[in-house]
Each structure stands twice: as C-alpha cells, then as structure tokens.
$ cat target.cif   # mmCIF, C-alpha atoms
data_upload
#
loop_
_atom_site.label_atom_id
_atom_site.label_comp_id
_atom_site.auth_asym_id
_atom_site.auth_seq_id
_atom_site.Cartn_x
_atom_site.Cartn_y
_atom_site.Cartn_z
CA MET I 1 -17.58 -18.47 -20.44
CA MET I 2 -15.23 -21.36 -19.57
CA PRO I 3 -11.58 -21.14 -20.72
CA THR I 4 -10.96 -22.96 -23.95
CA ALA I 5 -8.51 -25.83 -24.07
CA SER I 6 -5.07 -25.19 -25.51
CA PRO I 7 -4.94 -26.28 -29.16
CA LYS I 8 -2.90 -29.30 -30.11
CA PRO I 9 0.51 -28.52 -31.57
CA SER I 10 0.91 -28.83 -35.31
CA SER I 11 3.97 -30.16 -37.07
CA ARG I 12 3.93 -27.04 -39.26
CA ALA I 13 4.17 -23.59 -37.74
CA PRO I 14 1.44 -21.11 -38.81
CA ALA I 15 2.66 -18.24 -40.98
CA PRO I 16 3.03 -15.49 -38.31
CA LEU I 17 4.85 -17.88 -35.99
CA LYS I 18 7.06 -19.05 -38.86
CA GLU I 19 8.12 -15.44 -39.51
CA VAL I 20 9.18 -15.07 -35.89
CA GLU I 21 11.04 -18.37 -35.80
CA ARG I 22 13.09 -17.31 -38.86
CA VAL I 23 14.93 -14.72 -36.75
CA ILE I 24 15.63 -17.04 -33.81
CA SER I 25 18.89 -18.97 -33.63
CA GLN I 26 20.29 -21.47 -31.13
CA GLU I 27 23.52 -20.48 -29.35
CA THR I 28 24.96 -22.76 -26.67
CA GLY I 29 21.58 -24.11 -25.75
CA ARG I 30 19.78 -20.75 -25.71
CA ALA I 31 17.31 -19.19 -28.08
CA ILE I 32 18.61 -15.85 -29.40
CA GLY I 33 16.53 -13.37 -31.37
CA HIS I 34 17.73 -10.88 -33.98
CA PHE I 35 15.93 -7.60 -34.52
CA ARG I 36 17.14 -4.32 -36.09
CA GLY I 37 20.79 -5.23 -35.58
CA LEU I 38 20.24 -6.20 -31.94
CA ARG I 39 20.83 -9.54 -30.25
CA LEU I 40 17.92 -10.45 -27.96
CA ASP I 41 18.05 -12.84 -25.00
CA SER I 42 15.95 -13.62 -21.92
CA ALA I 43 16.38 -13.24 -18.17
CA PHE I 44 13.97 -14.42 -15.48
CA GLN I 45 13.31 -12.80 -12.11
CA PRO I 46 11.64 -14.95 -9.43
CA ILE I 47 8.29 -13.97 -7.96
CA TYR I 48 7.70 -15.19 -4.41
CA SER I 49 4.58 -15.91 -2.40
CA LEU I 50 4.99 -14.37 1.05
CA PRO I 51 2.61 -16.80 2.83
CA HIS I 52 4.09 -19.86 1.07
CA GLN I 53 7.68 -18.55 1.35
CA ARG I 54 8.69 -19.95 -2.02
CA ILE I 55 9.02 -19.15 -5.72
CA VAL I 56 5.70 -19.33 -7.54
CA GLY I 57 6.59 -17.64 -10.82
CA HIS I 58 9.11 -15.71 -12.90
CA GLU I 59 8.85 -12.53 -14.92
CA ALA I 60 10.49 -12.84 -18.32
CA LEU I 61 12.72 -9.84 -19.05
CA LEU I 62 14.35 -8.79 -22.30
CA ARG I 63 18.15 -8.53 -22.49
CA ALA I 64 19.43 -6.81 -25.64
CA THR I 65 22.94 -6.04 -26.91
CA ASN I 66 24.15 -4.16 -29.98
CA ALA I 67 26.70 -5.25 -32.59
CA SER I 68 29.54 -4.20 -30.24
CA GLY I 69 28.20 -6.37 -27.43
CA ASN I 70 27.10 -3.38 -25.33
CA PRO I 71 23.80 -3.68 -23.44
CA VAL I 72 20.81 -1.80 -24.77
CA PRO I 73 17.96 -0.97 -22.34
CA PRO I 74 14.78 -2.92 -23.21
CA PRO I 75 12.67 0.21 -23.86
CA VAL I 76 15.31 1.47 -26.30
CA ALA I 77 15.50 -1.90 -28.02
CA LEU I 78 11.75 -2.11 -28.46
CA ALA I 79 11.57 1.52 -29.57
CA SER I 80 13.78 0.66 -32.56
CA ALA I 81 10.64 -0.72 -34.24
CA GLN I 82 9.82 1.64 -37.10
CA SER I 83 6.11 0.90 -37.46
CA ALA I 84 3.16 -0.47 -35.53
CA GLN I 85 3.57 -3.71 -37.47
CA GLU I 86 7.22 -4.00 -36.39
CA GLU I 87 6.24 -3.26 -32.79
CA VAL I 88 3.85 -6.20 -32.86
CA PHE I 89 6.54 -8.39 -34.46
CA ALA I 90 9.07 -7.45 -31.75
CA ASP I 91 6.53 -8.24 -29.06
CA ARG I 92 5.86 -11.65 -30.59
CA LEU I 93 9.57 -12.34 -30.94
CA CYS I 94 10.18 -11.60 -27.25
CA ARG I 95 7.40 -13.91 -26.12
CA ALA I 96 8.65 -16.71 -28.37
CA LEU I 97 12.20 -16.29 -27.00
CA HIS I 98 11.07 -16.28 -23.38
CA LEU I 99 9.00 -19.43 -23.79
CA ARG I 100 11.91 -21.27 -25.40
CA ASN I 101 14.41 -20.18 -22.77
CA TYR I 102 12.08 -20.73 -19.82
CA ARG I 103 11.51 -24.37 -20.61
CA PRO I 104 14.04 -25.61 -23.13
CA PRO I 105 13.57 -29.13 -24.57
CA GLY I 106 14.36 -31.83 -22.00
CA SER I 107 14.28 -29.46 -19.01
CA ASP I 108 12.96 -30.55 -15.63
CA ASP I 109 9.46 -29.13 -15.15
CA CYS I 110 8.37 -31.08 -12.08
CA GLU I 111 7.70 -27.86 -10.10
CA PRO I 112 5.38 -25.86 -12.36
CA THR I 113 5.46 -22.09 -11.89
CA TRP I 114 3.83 -19.14 -13.59
CA LEU I 115 5.60 -17.38 -16.43
CA PHE I 116 4.82 -13.65 -16.50
CA LEU I 117 4.94 -12.33 -20.07
CA ASN I 118 4.66 -8.63 -20.92
CA VAL I 119 2.39 -7.70 -23.82
CA SER I 120 2.86 -4.37 -25.61
CA PRO I 121 0.00 -1.82 -25.64
CA GLN I 122 -0.07 -2.12 -29.44
CA VAL I 123 -0.86 -5.82 -29.12
CA VAL I 124 -3.44 -5.22 -26.40
CA ALA I 125 -5.16 -2.66 -28.63
CA HIS I 126 -5.69 -5.41 -31.21
CA THR I 127 -6.19 -8.37 -28.90
CA GLY I 128 -8.64 -10.12 -31.20
CA LYS I 129 -6.07 -10.27 -34.00
CA SER I 130 -3.21 -11.21 -31.66
CA LEU I 131 -4.75 -14.13 -29.81
CA PRO I 132 -4.42 -16.72 -32.61
CA PHE I 133 -0.65 -16.16 -32.73
CA PHE I 134 -0.35 -16.52 -28.96
CA ALA I 135 -2.46 -19.67 -28.92
CA ASP I 136 -0.32 -21.15 -31.72
CA LEU I 137 2.86 -20.20 -29.86
CA LEU I 138 1.77 -21.92 -26.64
CA ALA I 139 0.62 -24.99 -28.55
CA ARG I 140 3.92 -25.14 -30.46
CA ARG I 141 5.89 -25.06 -27.19
CA GLY I 142 3.48 -27.39 -25.37
CA PHE I 143 3.13 -24.81 -22.62
CA PRO I 144 -0.23 -24.75 -20.75
CA ALA I 145 -2.07 -21.44 -20.90
CA ARG I 146 -2.93 -21.75 -17.20
CA ARG I 147 0.76 -21.24 -16.37
CA VAL I 148 1.00 -17.95 -18.27
CA VAL I 149 0.35 -14.59 -16.63
CA VAL I 150 -0.12 -11.93 -19.29
CA GLU I 151 1.13 -8.56 -18.00
CA ILE I 152 -0.73 -5.53 -19.34
CA LEU I 153 0.70 -2.09 -18.59
CA GLU I 154 -2.16 -0.53 -16.65
CA GLY I 155 -1.61 3.13 -17.52
CA ALA I 156 -1.00 2.55 -21.23
CA ILE I 157 -4.60 1.57 -21.98
CA THR I 158 -6.84 4.59 -21.44
CA ASP I 159 -10.01 2.98 -22.79
CA LEU I 160 -11.56 1.00 -19.91
CA SER I 161 -13.75 -1.04 -22.25
CA LEU I 162 -10.74 -2.03 -24.34
CA LEU I 163 -8.81 -2.99 -21.20
CA SER I 164 -11.70 -5.07 -19.86
CA ASP I 165 -12.18 -6.82 -23.22
CA ALA I 166 -8.46 -7.67 -23.43
CA VAL I 167 -8.43 -9.10 -19.89
CA ALA I 168 -11.52 -11.18 -20.66
CA ALA I 169 -10.04 -12.46 -23.93
CA TYR I 170 -6.79 -13.68 -22.35
CA ARG I 171 -8.64 -15.23 -19.42
CA ASN I 172 -11.00 -17.02 -21.81
CA MET I 173 -7.93 -18.40 -23.50
CA GLY I 174 -6.93 -19.91 -20.15
CA CYS I 175 -4.23 -17.43 -19.11
CA LEU I 176 -4.10 -15.35 -15.98
CA VAL I 177 -3.85 -11.56 -16.35
CA ALA I 178 -1.86 -9.04 -14.31
CA LEU I 179 -2.19 -5.26 -14.46
CA ASP I 180 1.37 -3.91 -14.30
CA ASP I 181 2.66 -0.68 -12.69
CA PHE I 182 -0.53 0.14 -10.81
CA GLY I 183 -0.03 3.32 -8.79
CA ALA I 184 2.08 5.07 -11.41
CA ASP I 185 0.94 8.09 -13.40
CA ALA I 186 -2.86 8.14 -13.93
CA SER I 187 -3.78 4.89 -12.20
CA ASN I 188 -7.41 4.50 -11.26
CA ILE I 189 -8.90 1.94 -8.87
CA GLU I 190 -11.93 1.75 -11.20
CA ARG I 191 -9.70 -0.06 -13.71
CA ILE I 192 -9.32 -2.92 -11.24
CA TRP I 193 -13.05 -3.18 -10.55
CA ARG I 194 -13.92 -3.02 -14.23
CA ALA I 195 -11.18 -5.26 -15.62
CA SER I 196 -11.08 -7.80 -12.75
CA PRO I 197 -7.47 -8.94 -13.29
CA ASP I 198 -6.12 -11.95 -11.41
CA ILE I 199 -3.07 -10.02 -10.15
CA VAL I 200 -2.31 -6.33 -9.64
CA LYS I 201 1.37 -5.37 -9.66
CA LEU I 202 2.01 -2.28 -7.55
CA ASP I 203 4.51 0.11 -9.10
CA ARG I 204 7.96 0.17 -7.50
CA LYS I 205 7.52 3.87 -6.66
CA LEU I 206 4.99 2.94 -3.98
CA ILE I 207 7.31 0.70 -1.97
CA ALA I 208 10.20 3.15 -2.43
CA ALA I 209 8.04 5.98 -1.07
CA ALA I 210 6.82 3.83 1.83
CA GLU I 211 10.40 3.28 3.01
CA TYR I 212 10.88 7.00 3.70
CA SER I 213 7.35 8.33 4.23
CA THR I 214 5.19 7.09 7.09
CA LYS I 215 2.13 8.49 5.33
CA ALA I 216 2.89 6.37 2.25
CA ARG I 217 3.55 3.42 4.56
CA ARG I 218 0.08 3.74 6.08
CA VAL I 219 -1.58 4.07 2.68
CA LEU I 220 0.05 0.95 1.20
CA PRO I 221 -1.89 -1.63 3.31
CA ALA I 222 -5.13 0.18 2.43
CA THR I 223 -4.26 -0.06 -1.28
CA VAL I 224 -3.56 -3.78 -0.91
CA ALA I 225 -6.87 -4.21 0.94
CA LEU I 226 -8.74 -2.51 -1.92
CA ILE I 227 -7.08 -4.86 -4.41
CA HIS I 228 -8.11 -7.86 -2.30
CA GLU I 229 -11.70 -6.61 -2.03
CA ALA I 230 -11.78 -6.30 -5.82
CA GLY I 231 -10.94 -10.02 -6.03
CA SER I 232 -7.29 -9.76 -7.15
CA LEU I 233 -3.94 -10.75 -5.69
CA ALA I 234 -1.51 -7.94 -4.84
CA LEU I 235 2.11 -8.15 -6.03
CA ILE I 236 4.64 -5.56 -4.84
CA GLU I 237 7.52 -5.21 -7.27
CA GLY I 238 10.83 -3.39 -6.98
CA VAL I 239 11.58 -4.53 -3.41
CA GLU I 240 15.28 -3.77 -3.00
CA THR I 241 16.01 -3.38 0.75
CA GLU I 242 15.14 -5.26 3.93
CA ALA I 243 13.13 -2.24 5.10
CA GLN I 244 11.03 -2.41 1.92
CA ALA I 245 10.63 -6.18 2.31
CA ALA I 246 9.37 -5.69 5.87
CA ILE I 247 6.89 -3.05 4.67
CA ALA I 248 5.65 -5.40 1.92
CA LEU I 249 5.15 -8.12 4.54
CA ASP I 250 3.34 -5.71 6.84
CA SER I 251 1.07 -4.56 4.00
CA ASP I 252 -0.42 -8.06 3.60
CA ALA I 253 0.76 -8.35 -0.02
CA ASP I 254 0.42 -11.81 -1.55
CA LEU I 255 3.41 -11.78 -3.91
CA VAL I 256 6.73 -9.93 -4.04
CA GLN I 257 9.49 -9.38 -6.56
CA GLY I 258 12.77 -7.49 -6.42
CA TYR I 259 16.53 -7.50 -5.95
CA TYR I 260 16.19 -8.08 -2.19
CA PHE I 261 14.81 -11.56 -2.86
CA ALA I 262 16.62 -12.47 -6.10
CA ARG I 263 18.05 -10.81 -9.19
CA PRO I 264 17.11 -11.79 -12.75
CA ALA I 265 19.15 -14.64 -14.22
CA ALA I 266 19.46 -16.35 -17.59
CA LEU I 267 18.32 -19.62 -16.04
CA PRO I 268 15.20 -19.34 -13.87
CA LEU I 269 15.92 -19.88 -10.18
CA ARG I 270 13.75 -22.73 -8.93
CA HIS I 271 14.56 -23.13 -5.23
CA GLY I 272 15.03 -21.07 -2.08
CA ASP I 273 12.76 -18.73 -0.11
CA GLY I 274 14.56 -15.46 -0.88
CA GLY I 275 15.16 -14.87 2.83
CA ILE I 276 11.42 -14.65 3.55
CA SER I 277 11.36 -17.11 6.49
CA ALA I 278 14.10 -15.14 8.26
CA LEU I 279 12.20 -11.92 7.52
CA PHE I 280 9.07 -13.40 9.11
CA ALA I 281 11.04 -14.28 12.24
CA ARG I 282 12.57 -10.81 12.54
CA GLN I 283 9.21 -9.11 12.01
CA ALA I 284 7.47 -11.28 14.61
CA ALA I 285 10.02 -10.13 17.17
CA ALA I 286 9.43 -6.46 16.33
CA GLN I 287 5.66 -6.03 16.09
CA VAL I 288 5.81 -2.97 18.30
CA SER I 289 8.86 -0.83 17.67
CA ALA I 290 11.17 -0.11 20.58
CA ARG I 291 10.75 3.58 19.81
CA GLN I 292 6.96 3.44 20.09
CA HIS I 293 7.10 1.31 23.24
CA GLN I 294 9.53 3.68 24.94
CA ALA I 295 7.61 6.80 23.88
CA LEU I 296 4.30 5.43 25.20
CA GLN I 297 5.56 3.91 28.44
CA PRO I 298 4.67 6.86 30.73
CA TYR I 299 1.26 7.14 29.05
CA THR I 300 0.37 3.46 29.39
CA HIS I 301 1.33 3.52 33.09
CA ALA I 302 -0.79 6.62 33.76
CA PHE I 303 -3.62 5.17 31.67
CA GLN I 304 -3.75 2.01 33.81
CA LEU I 305 -3.89 4.14 37.00
CA MET I 306 -6.69 6.17 35.43
CA ALA I 307 -8.69 3.00 34.67
CA GLN I 308 -8.36 1.87 38.27
CA GLN I 309 -9.48 5.25 39.60
CA LEU I 310 -12.44 5.38 37.19
CA GLN I 311 -13.72 2.06 38.50
CA SER I 312 -13.53 3.49 42.04
CA ASP I 313 -15.19 6.91 41.68
CA HIS I 314 -16.91 6.58 38.24
CA CYS I 315 -16.09 10.16 37.24
CA LEU I 316 -14.23 10.35 33.93
CA ALA I 317 -13.11 13.98 34.28
CA ALA I 318 -11.68 13.40 37.74
CA ALA I 319 -10.06 10.08 36.85
CA CYS I 320 -8.12 11.45 33.87
CA THR I 321 -6.65 14.50 35.66
CA GLY I 322 -3.25 12.89 36.16
CA LEU I 323 -3.10 11.54 32.61
CA MET I 324 -4.06 14.92 31.17
CA ALA I 325 -0.94 16.42 32.76
CA LEU I 326 1.23 14.52 30.27
CA PRO I 327 2.21 16.63 27.24
CA ARG I 328 0.67 14.81 24.25
CA VAL I 329 -2.63 13.57 25.69
CA ASP I 330 -5.45 14.91 23.51
CA ARG I 331 -8.70 13.49 24.91
CA CYS I 332 -10.30 10.69 26.91
CA TYR I 333 -13.74 9.13 26.36
CA LEU I 334 -15.93 6.13 27.08
CA ILE I 335 -17.57 3.74 24.58
CA ASN I 336 -20.24 1.15 25.36
CA THR I 337 -20.06 -2.45 24.12
CA ASP I 338 -22.01 -1.50 20.99
CA GLY I 339 -19.33 1.04 20.07
CA VAL I 340 -21.36 4.15 20.87
CA GLN I 341 -19.52 6.95 22.69
CA ILE I 342 -21.11 7.79 26.05
CA GLY I 343 -21.10 11.54 26.67
CA ALA I 344 -18.62 14.10 25.41
CA SER I 345 -14.85 13.63 25.37
CA VAL I 346 -12.74 15.09 28.16
CA LEU I 347 -10.31 17.39 26.33
CA ARG I 348 -6.86 18.59 27.29
CA PRO I 349 -6.95 21.89 29.21
CA ASP I 350 -5.44 24.02 26.43
CA HIS I 351 -7.79 22.74 23.73
CA GLU I 352 -9.37 25.46 21.59
CA PRO I 353 -12.85 24.43 20.33
CA GLY I 354 -13.20 24.67 16.56
CA SER I 355 -9.43 24.90 15.94
CA SER I 356 -9.25 21.57 14.12
CA ARG I 357 -9.41 21.33 10.32
CA PHE I 358 -12.11 18.73 10.97
CA ALA I 359 -14.10 20.93 13.36
CA PRO I 360 -17.54 19.63 12.22
CA LEU I 361 -16.45 16.15 13.32
CA GLU I 362 -15.07 17.17 16.69
CA GLU I 363 -18.23 16.64 18.79
CA ALA I 364 -18.25 12.86 19.25
CA LYS I 365 -21.08 12.23 21.74
CA GLY I 366 -23.17 9.40 20.29
CA ALA I 367 -20.63 8.56 17.57
CA ASN I 368 -20.26 4.88 16.74
CA TRP I 369 -16.67 3.59 16.97
CA SER I 370 -17.56 -0.13 16.84
CA ARG I 371 -15.42 -0.76 13.76
CA LYS I 372 -12.32 0.80 15.25
CA PRO I 373 -9.61 -1.70 16.26
CA TYR I 374 -9.12 0.01 19.63
CA HIS I 375 -12.78 -0.81 20.46
CA TYR I 376 -13.16 -4.41 19.34
CA ARG I 377 -9.66 -5.45 20.45
CA ALA I 378 -10.31 -4.13 23.96
CA LEU I 379 -13.55 -6.14 24.11
CA ALA I 380 -11.75 -9.23 22.83
CA HIS I 381 -9.11 -8.93 25.59
CA PRO I 382 -10.97 -7.74 28.71
CA GLY I 383 -8.80 -5.85 31.20
CA LEU I 384 -5.72 -5.83 28.95
CA PRO I 385 -4.67 -2.37 27.64
CA GLN I 386 -4.52 -2.14 23.85
CA VAL I 387 -2.39 0.22 21.73
CA SER I 388 -3.56 1.14 18.22
CA ARG I 389 -1.37 1.80 15.23
CA PRO I 390 -0.87 5.49 14.41
CA TYR I 391 -3.83 6.85 12.43
CA LEU I 392 -5.40 10.15 11.43
CA SER I 393 -7.88 11.29 14.09
CA VAL I 394 -11.12 12.72 12.70
CA ALA I 395 -11.53 14.59 15.97
CA ASN I 396 -8.44 16.79 15.76
CA SER I 397 -7.09 16.19 12.23
CA SER I 398 -3.75 15.02 13.68
CA LEU I 399 -1.94 11.70 13.77
CA CYS I 400 -2.61 9.85 17.01
CA VAL I 401 -2.51 6.49 18.76
CA THR I 402 -5.32 5.32 21.00
CA LEU I 403 -4.94 3.46 24.29
CA SER I 404 -8.00 1.40 25.22
CA VAL I 405 -9.10 -1.01 27.95
CA THR I 406 -12.37 -2.43 29.25
CA VAL I 407 -13.58 -1.18 32.63
CA ALA I 408 -16.45 -2.49 34.78
CA LEU I 409 -18.72 0.38 35.83
CA ALA I 410 -22.08 0.43 37.56
CA GLU I 411 -23.74 1.05 34.19
CA GLY I 412 -22.04 -1.98 32.67
CA THR I 413 -18.87 -2.73 30.71
CA ARG I 414 -17.30 0.25 29.01
CA VAL I 415 -14.22 0.73 26.84
CA LEU I 416 -12.04 3.53 28.18
CA CYS I 417 -10.04 5.32 25.46
CA CYS I 418 -7.30 7.91 25.42
CA ASP I 419 -6.02 9.59 22.23
CA ILE I 420 -2.35 10.59 22.28
CA GLN I 421 -0.88 12.86 19.63
CA TRP I 422 1.77 11.01 17.64
CA GLU I 423 4.60 12.49 15.61
CA ASP I 424 6.17 10.62 12.67
#

$ encode --input "target.cif" --output "structure tokens"
Amino acid sequence: MMPTASPKPSSRAPAPLKEVERVISQETGRAIGHFRGLRLDSAFQPIYSLPHQRIVGHEALLRATNASGNPVPPPVALASAQSAQEEVFADRLCRALHLRNYRPPGSDDCEPTWLFLNVSPQVVAHTGKSLPFFADLLARRGFPARRVVVEILEGAITDLSLLSDAVAAYRNMGCLVALDDFGADASNIERIWRASPDIVKLDRKLIAAAEYSTKARRVLPATVALIHEAGSLALIEGVETEAQAAIALDSDADLVQGYYFARPAALPLRHGDGGISALFARQAAAQVSARQHQALQPYTHAFQLMAQQLQSDHCLAAACTGLMALPRVDRCYLINTDGVQIGASVLRPDHEPGSSRFAPLEEAKGANWSRKPYHYRALAHPGLPQVSRPYLSVANSSLCVTLSVTVALAEGTRVLCCDIQWED
C-alpha cells in the first residue's frame, strides 16, 4: 500500500491535540511543556551518515526539571504518569514539544534532515488509536511525514505481530521506522525480518563491549551485515571514544550517533562532519595494525620461501618444513581454483588428532573454501601474499589468521595456505 499524503492543516486543532497544546507555553522562543509539576524541554543529538560524512538527522531527547530547577532523568519524568492514559498524554506532549522546538516558526529549513521521535510502548500497543493524533500533529506543524523516523523500543514489544503491524501503520502514514536498542536484553533477529524497519539502532552496550573485547568486535560487523541483508540501515548509537568510532567505521555501519561526534543541544546542530573525515584518513593509514604486521613478519617471510620451494619440488610436506619450525604455525594446505582442498593438510609435528573441540570438522580433504577471503583474494592478486583477518578456525577451534598466495604447479594454479594460531 502506498503511503498516504499528509493531511492539510486545519485552523482549529482537533480535541486531543488541543489538550496537549493547553500545557505548552512559550519561553524565550522555546516551547515548554508542563506535566506533573515538571518543566519539559527538548534537546537534539545529531545523527551522522558515515559514507556521506555529514548530519542527516537528529534524535529528539526529553529534558525535564523539577520545581527547584534540578534535572530529572527522562525515564523518571515519564514514570510520573499515574495511568496508561497519562502515559499516552505525556508521550504526545513530548512529540508536540520536539516538533515545535526542532523547526520553530520562521526557521531556516533549507537542509532537510530526519527527526527521530521516540514513541512509548503504550502508544505502540494502540497504534490504530494513536495515528490520528500524530497525523494531526504533523499537519498542524506543516512537517512532512517522510522526514520523521518513529523510534520503537525493540525489546518492549514482545508480540511480533503487534510490532509488525505498528511498523506497517507508521510506514503507511509516510514515516520511516527505527527499531531502537537492538542487541539489548531479549533481542531477536527474527524481529527485524518480520517487522522490516527502515533503520535498526544497535544498543550502546554492543559498541562499548567491542572496544574491550575482540570477540565482540568480530561479531559486530556480522550483526551489521545481517541487518543489511534484512533490508535495513544500521545505526550504532552511544559512540563515545575514538576507538569506538573506528570500530563503528570498520563494522560498515551506515549511521552513527554519540558524544564522540556531537552532544545533544537545545538548538539542532546543522553543520560539520563530527570529525568523520579525519577518522577516515586515520583508519586508511592503519588498515593492518603495527602489532599484527610485526607479529606476522617472520611467518610471511618463511611463507614466501615455502611458496618458492613448492614451485621447485612440488612436495607440500617438504616445502613447509622450515615454516613448520615456527611456534604458532598450525597447518598448511593447497586449494584449487574452484576452492576445493587438494589432499590432506600438513599439520604441525606436535598435533594430536581428535584433540580439537571441532574434531569432526578437522579432516579437510575435499572441503570447499571458495567463499573464504583468503582464497578469492589470492586468486584476485596472483603471486601477492594475502593475510586474512583473525577468525575462528573450524579445523582446530582456535583463533587464527591465514596466509595465502597463488602458486603455479604442474597440475595448474593452486592457492597455498598456512593457518597461524592468533592470540587476542
């Protein structure tokens, strides 16, 4: 079903919207809400596109203070609602405030950006009843639905059918939809496939874990890839350090948000790249870490000598004798151009057959490795040694890196490979 056009604004506010507007006042050019003795205001945090290196949206955030002027955390402020009806009212009030403060009358809107608006689970649970208010609100403000990203807290909606219906309803209205905090608590990738949101926001815990855990760092790009395959954009939120920003860039995320790039502000920041162009430059100069390069140097040298010897005497076991003397070499093997392993692997001398947790996978003769980067990259760059990223070897259940290079043998072109045990 095609998105419906935004309704034309009316000179008279509908009843639910009128109730919300009663508790909004104007103070020094800002819209201020009043709820349960609290003063409510807006702040906006920029959301950047990594490929475009610019601001493409802002998340609207609640800022609340009590009668003494002390800040009140947003969850506490919203929890002051004393009924489901009041919770819905507070949600509506926040969205009305954010729309007013994001584009006040007479403001320059020549660079349109998305406005990310959070919607409470209570509202999502009754989407059908809530949509007319939201449509009236957008029409009243003259704000196009296509520039709104409705954020739905992923873990708060346990009913997949309800979640999918809510996403479909907002998209039919013309809005985009983001699932928020994916990866926290009981997140399930099935929710993404079923709901088909436009954007998936990865919980800040994931990027924080990736900064200190290499295992989490390896999993993050795979999570982003799954989101892409499901047809959604991936947004990493909570990026607070340069190390986290570099990990987000390396994960192939589309969008980023966090203190490293820009903090929330009362007036939405419109310009600047958040330091992304400089980050790109630094990352390009450090594709292979100095630590990895230094650790692998003796292995790459011995591997090149081995390749030369193999092309002379064509005996894999004899050619890899010198390389096998190095401490972390695990195995060497040959793959044909179709990716099929030729013969058994030559194992390190102290290898104990069946000692791996993945023992049933250890025998690799005839296995097809055509989809492995170390195979197709070697074929794409004949004669140039390739170094894989660290990955979990199915052969020995340990982390390893693979050196690979094409060699010309009497039987034809082969890809020579050597697995080296790698420690985080």

$ closest_residue --input "target.cif" --among "I:Gly57, I:Gly37, I:Gly29, I:Pro144" --to "Arg270 of chain I" --atoms "only C-alpha atoms"
I:Gly57

$ atom_distance --input "target.cif" --atom1 "atom CA of Val394 of chain I" --atom2 "atom CA of Asp419 of chain I"
11.3 Å

$ resolve_selection --input "target.cif" --expression "the PyMOL selection byres ((chain I and resi 33) around 6)" --output "JSON, numbers by chain"
{"I": [23, 24, 32, 34, 39, 40]}

$ residues_around --input "target.cif" --residues "segment 266-269 of chain I" --least-positions-apart "2" --cutoff "9 Å" --atoms "only C-alpha atoms" --output "PyMOL selection string"
chain I and resi 41-46+55+58+101-102+262+264+271-272

$ resolve_selection --input "target.cif" --expression "the PyMOL selection byres ((chain I and resi 178-181) around 8)" --output "number ranges by chain"
I: 149-155, 176-177, 182-184, 197-204

$ residues_around --input "target.cif" --residues "Ala222 of chain I" --least-positions-apart "6" --cutoff "12 Å" --atoms "only C-alpha atoms" --output "VMD selection string"
chain I and resid 215 to 216 228 to 229 234 250 to 253

$ write_last_selection --input "target.cif" --atoms "C-alpha atoms" --output "mmCIF file, in the coordinates of the input"
data_model
loop_
_atom_site.group_PDB
_atom_site.id
_atom_site.type_symbol
_atom_site.label_atom_id
_atom_site.label_comp_id
_atom_site.auth_asym_id
_atom_site.auth_seq_id
_atom_site.Cartn_x
_atom_site.Cartn_y
_atom_site.Cartn_z
ATOM 1 C CA LYS I 215 2.130 8.490 5.330
ATOM 2 C CA ALA I 216 2.890 6.370 2.250
ATOM 3 C CA HIS I 228 -8.110 -7.860 -2.300
ATOM 4 C CA GLU I 229 -11.700 -6.610 -2.030
ATOM 5 C CA ALA I 234 -1.510 -7.940 -4.840
ATOM 6 C CA ASP I 250 3.340 -5.710 6.840
ATOM 7 C CA SER I 251 1.070 -4.560 4.000
ATOM 8 C CA ASP I 252 -0.420 -8.060 3.600
ATOM 9 C CA ALA I 253 0.760 -8.350 -0.020
#

$ residues_around --input "target.cif" --residues "Glu363 of chain I" --least-positions-apart "3" --cutoff "10 Å" --atoms "all atoms listed in the file" --output "list in words"
Gly343, Ala344, Ser345, Pro353, Gly354, Ala359, Pro360, Gly366, Ala367 and Ala395 of chain I

$ closest_residue --input "target.cif" --among "I:Gln421, I:Gln122, I:Thr113, I:Ser398" --to "Val88 of chain I" --atoms "all atoms listed in the file"
I:Gln122

$ residues_near_point --input "target.cif" --point "(-12.2, 10.0, 34.8)" --cutoff "9 Å" --atoms "all atoms listed in the file" --output "list of chain:residue names"
I:Met306, I:Ala307, I:Gln309, I:Leu310, I:Gln311, I:Asp313, I:His314, I:Cys315, I:Leu316, I:Ala317, I:Ala318, I:Ala319, I:Cys320, I:Thr321, I:Cys332, I:Tyr333, I:Val346

$ resolve_selection --input "target.cif" --expression "the PyMOL selection byres ((chain I and resi 119) around 7)" --output "number ranges by chain"
I: 91, 117-118, 120-121, 123-124, 150-152

$ write_last_selection --input "target.cif" --atoms "C-alpha atoms" --output "JSON list (two decimals), in the frame of the given file"
[["chain", "number", "residue", "atom", "x", "y", "z"],
["I", 91, "ASP", "CA", 6.53, -8.24, -29.06],
["I", 117, "LEU", "CA", 4.94, -12.33, -20.07],
["I", 118, "ASN", "CA", 4.66, -8.63, -20.92],
["I", 120, "SER", "CA", 2.86, -4.37, -25.61],
["I", 121, "PRO", "CA", 0.00, -1.82, -25.64],
["I", 123, "VAL", "CA", -0.86, -5.82, -29.12],
["I", 124, "VAL", "CA", -3.44, -5.22, -26.40],
["I", 150, "VAL", "CA", -0.12, -11.93, -19.29],
["I", 151, "GLU", "CA", 1.13, -8.56, -18.00],
["I", 152, "ILE", "CA", -0.73, -5.53, -19.34]]

$ atom_distance --input "target.cif" --atom1 "atom CA of Val415 of chain I" --atom2 "atom CA of Leu379 of chain I"
7.4 Å

$ closest_residue --input "target.cif" --among "I:Phe358, I:Tyr374, I:Phe261, I:Tyr391" --to "Cys417 of chain I" --atoms "all atoms listed in the file"
I:Tyr374
